[in-house]
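All remarks here apply to the structure that follows.
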Amino acid sequence: MSKGNSQTMLKKFAILGAAGDLTSRLLLPALANLLQDGRLPDGFEVVGVGLEPLTTESFQQHIKEALAEFAAPTPEEVRNRLVKMLSYVHADVTDAEALKKALKPAEGPLVVYLALPAPVFEPAVKAIAAAGVGQDSRIVIEKPHGTDLEGTQALDALLSKTYTEDSVFRIDHFLGKQTVQNVLGLRFANRLFEPLWTGEHIERVDIRWDETLTLEGRASYYDRAGALRDMLQNHLLQILCMIAMEPPASLSERDLRDKKVEVLRNVRDLSPNDVKRQTVRARYTAGTIGERKVPSYVDEQGVKPERDTETFAQITLHIDTWRWGGVPFVLRSGKALGDTRQEAAVTFREVPALTLWHDSTPQPNVLRLRLRPDELSLDLNLNGAGDPFVLEPAELGLKLAPQEMGAYARLLLDILEGDNTLSIRADEAEEAWRIMTPILDAWKADEVPMQEYPAGSEFEPKTS
Ligand code: BG6
């Protein structure tokens, strides 16, 4: 994808909330990836800041162990070099004076990564600005970008007081996944698909992210978020944008992001009745996933049943444009399911009902973009091997080469280089929350019943 903006490569990377899971599981392994590839600039340093009472030595030790677990393919020598670049300051990230000492913004621009829970974004941004971090620095907001529309608008208004949109990066690591990026190549670099890419030929689009993972120790975050905020509001809507967008004039950040936000703007508001008919929330009960016994979600450590958090969400959206009129886009994601099915499936309409095939009916063509493993496939109908007048289903498949750079590494490099192409713009984040608002409100008011599924099952929800 484009390397749109040519900006200065920054050398200092501060992580607020550095003792958390995101830092050790994703951010530092991604930086190790970049260091190994020789992509980090000379003099690169990482400053961790947080309320956990760590020293630089204990932080380094903690990260060293985490890298051995989560960045194992990176040679030990590289991991050790990265560990030496780390320091830690024990400070309150909402205290401007403390941040000024920790980040030393007077020494030059830096990346400030907010690896924090969404409710802390606002006070942290106030403190960062008051500490003197200017707009030549880059502020990175981890997803979910807020918890609702109002909160996100307030955060964006606050950010825009000190920072230009170019210096704000809202992360969605799905945009760093090669199959998601490949939607553009597939659609706009092949004559084959684009003429058929309309409601006239496409019947429905299913974007699905089923996981066998459960909470993995993330209750303090997940129990407040739930599947809708964790997956659909951001990752799955981004995939929808890539599939539904009009052709951009270029892959520059402006053209690409304009086209994505146009899709979101045209997603129809769900009425209270639509929410009842077109959305499903559910939660897993005790079960077995493979060999693993899993307790009921409400009995998982750190879960408060009164929060009524869903571990599965499914919604059907419509895009009110000429191209997409009448085509349902079904987004679904759930934890603790029996299988990992992670794909976008585009189902084409049936061929005209001819009498050519006496004994068999052609199945609809389905184009699948699988995200894990990265694969493309197309279901076709062919004449059978035995009787040429009987149809047999066939699949045209392509395995994509393993992704050269991990999704987080791709995005962190873009941030260091100042390229916003793969980051979410403020208007995009707000539109995504606008779509979710009626659903969040109705679910909170208990207007859509919470369904249940045993952990490890193939859940097909009841829809009204
Ligand atoms: C994260 C979600 O953003 O994406 C997780 O918080 C989810 O709940 C994960 O499991 C899926 O993405 P990946 O790339 O880590 O499989």
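Chains: A, B, ... in order of the structure tokens. Residues: from 1 per chain. Ligands: from 1, in order shown.
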
Taking only C-alpha atoms and all ligand atoms and a cut-off of 7 Å, can you tell me which residues surround ligand 1, written as a PDB file with all heavy atoms, in the first residue's frame?
ATOM      1  N   PHE A 174      -6.179  -4.828  11.866  1.00  0.00           N
ATOM      2  CA  PHE A 174      -6.668  -5.596  10.719  1.00  0.00           C
ATOM      3  C   PHE A 174      -6.263  -4.931   9.394  1.00  0.00           C
ATOM      4  O   PHE A 174      -6.153  -5.601   8.377  1.00  0.00           O
ATOM      5  CB  PHE A 174      -8.193  -5.784  10.792  1.00  0.00           C
ATOM      6  CG  PHE A 174      -8.577  -7.021  11.572  1.00  0.00           C
ATOM      7  CD1 PHE A 174      -7.945  -7.327  12.767  1.00  0.00           C
ATOM      8  CD2 PHE A 174      -9.555  -7.892  11.109  1.00  0.00           C
ATOM      9  CE1 PHE A 174      -8.272  -8.466  13.489  1.00  0.00           C
ATOM     10  CE2 PHE A 174      -9.892  -9.044  11.819  1.00  0.00           C
ATOM     11  CZ  PHE A 174      -9.249  -9.332  13.012  1.00  0.00           C
ATOM     12  N   LEU A 213     -10.508 -18.915  20.930  1.00  0.00           N
ATOM     13  CA  LEU A 213      -9.943 -18.249  22.112  1.00  0.00           C
ATOM     14  C   LEU A 213     -11.055 -17.843  23.061  1.00  0.00           C
ATOM     15  O   LEU A 213     -12.166 -17.526  22.628  1.00  0.00           O
ATOM     16  CB  LEU A 213      -9.212 -16.968  21.702  1.00  0.00           C
ATOM     17  CG  LEU A 213      -7.948 -17.093  20.861  1.00  0.00           C
ATOM     18  CD1 LEU A 213      -7.433 -15.701  20.506  1.00  0.00           C
ATOM     19  CD2 LEU A 213      -6.887 -17.864  21.641  1.00  0.00           C
ATOM     20  N   ASP A 230     -15.327  -4.838  20.684  1.00  0.00           N
ATOM     21  CA  ASP A 230     -13.985  -5.407  20.504  1.00  0.00           C
ATOM     22  C   ASP A 230     -13.695  -5.725  19.036  1.00  0.00           C
ATOM     23  O   ASP A 230     -12.575  -5.542  18.573  1.00  0.00           O
ATOM     24  CB  ASP A 230     -13.867  -6.696  21.342  1.00  0.00           C
ATOM     25  CG  ASP A 230     -12.474  -7.295  21.295  1.00  0.00           C
ATOM     26  OD1 ASP A 230     -11.501  -6.543  21.490  1.00  0.00           O
ATOM     27  OD2 ASP A 230     -12.348  -8.511  21.057  1.00  0.00           O
ATOM     28  N   MET A 231     -14.674  -6.215  18.296  1.00  0.00           N
ATOM     29  CA  MET A 231     -14.402  -6.710  16.944  1.00  0.00           C
ATOM     30  C   MET A 231     -15.211  -6.008  15.841  1.00  0.00           C
ATOM     31  O   MET A 231     -14.678  -5.702  14.796  1.00  0.00           O
ATOM     32  CB  MET A 231     -14.731  -8.216  16.861  1.00  0.00           C
ATOM     33  CG  MET A 231     -13.809  -9.125  17.615  1.00  0.00           C
ATOM     34  SD  MET A 231     -12.093  -9.115  17.048  1.00  0.00           S
ATOM     35  CE  MET A 231     -12.245  -9.555  15.330  1.00  0.00           C
TER      36      MET A 231
END

Write out as number ranges by chain the set of residues from segment 55-169 of chain A that DSSP, computed on the backbone, places in helix (DSSP H, G or I). A: 56-70, 76-84, 96-103, 105-107, 118-130, 149-162, 165-167

Show me, as an MDAnalysis selection string, the residues that have an atom within 9 Å of Ile239 of chain A when counting only C-alpha atoms, minus same-chain residues fewer than 6 positions from it. chainID A and resid 174:175 180 183 207 344

Could you turn the residues from that selection into a file that holds C-alpha atoms, as a tab-separated table (two decimals), in the first residue's frame?
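Result file follows (selection-v4.tsv):
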chain	number	residue	atom	x	y	z
A	174	PHE	CA	-6.67	-5.60	10.72
A	175	LEU	CA	-5.64	-2.95	8.20
A	180	VAL	CA	-7.49	-7.24	4.10
A	183	VAL	CA	-9.18	-6.88	-1.19
A	207	ILE	CA	-17.75	-11.10	7.33
A	344	ALA	CA	-15.12	-12.50	4.24

If you run DSSP over the backbone, which residues in segment 157-385 of chain A end up strand (DSSP E)? Put them as a count of residues only. 60

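Among A:Leu416, A:Leu114, A:Glu452, A:Arg204, the residue with the shortest atom-to-atom distance to Glu350 of chain A, counting only C-alpha atoms, is A:Arg204.
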
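Using only C-alpha atoms, the smallest distance between any of A:Asp419, A:Leu40, A:Ala131, A:Gln7 and Lys101 of chain A comes from A:Ala131.
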
Asp95 of chain A surroundings by only C-alpha atoms, 12 Å radius, close-in-sequence under 6 positions cut, as a list of chain:residue names: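 Answer for this query is A:Leu16, A:Val49, A:Gly50, A:Leu51, A:Lys101, A:Ala102, A:Leu103, A:Val120, A:Pro123, A:Ala124, A:Val125, A:Lys126, A:Ala127, A:Ile128, A:Ala129, A:Ala130, A:Ala131.
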
Provide the atom CA of Ser360 of chain A to atom CA of Phe193 of chain A distance in Å, to one decimal place. 26.1 Å

Spatial neighbours of Asn273 of chain A, 12 Å, only C-alpha atoms, chain gap at least 2 places, as a list in words: Asp269, Leu270, Ser271, Val275, Lys276, Arg277, Gln278, Thr279, Pro438, Ile439, Ala442, Glu447, Val448 and Ser464 of chain A

What's around Leu228 of chain A at 12 Å? Count only C-alpha atoms, leave out sequence neighbours fewer than 4 positions away in its own chain, and write the answer as number ranges by chain. A: 144, 147-148, 209, 222-224, 232-237, 279-282, 309-315, 331-335, 432-433, 435-437, 439-440, 443

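When atom CA of Ala30 of chain A is paired with atom CA of Thr212 of chain A, their separation reads 23.7 Å.
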
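Between Glu107 of chain A and the residues A:His201, A:Arg257, A:Arg307, A:Lys12, the shortest atom-to-atom distance, using only C-alpha atoms, involves A:Lys12.
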
Close residues, Cys241 of chain A itself excluded, 6 Å, only C-alpha atoms, min 4 positions apart in chain, as a PyMOL selection string: chain A and resi 245+260+263
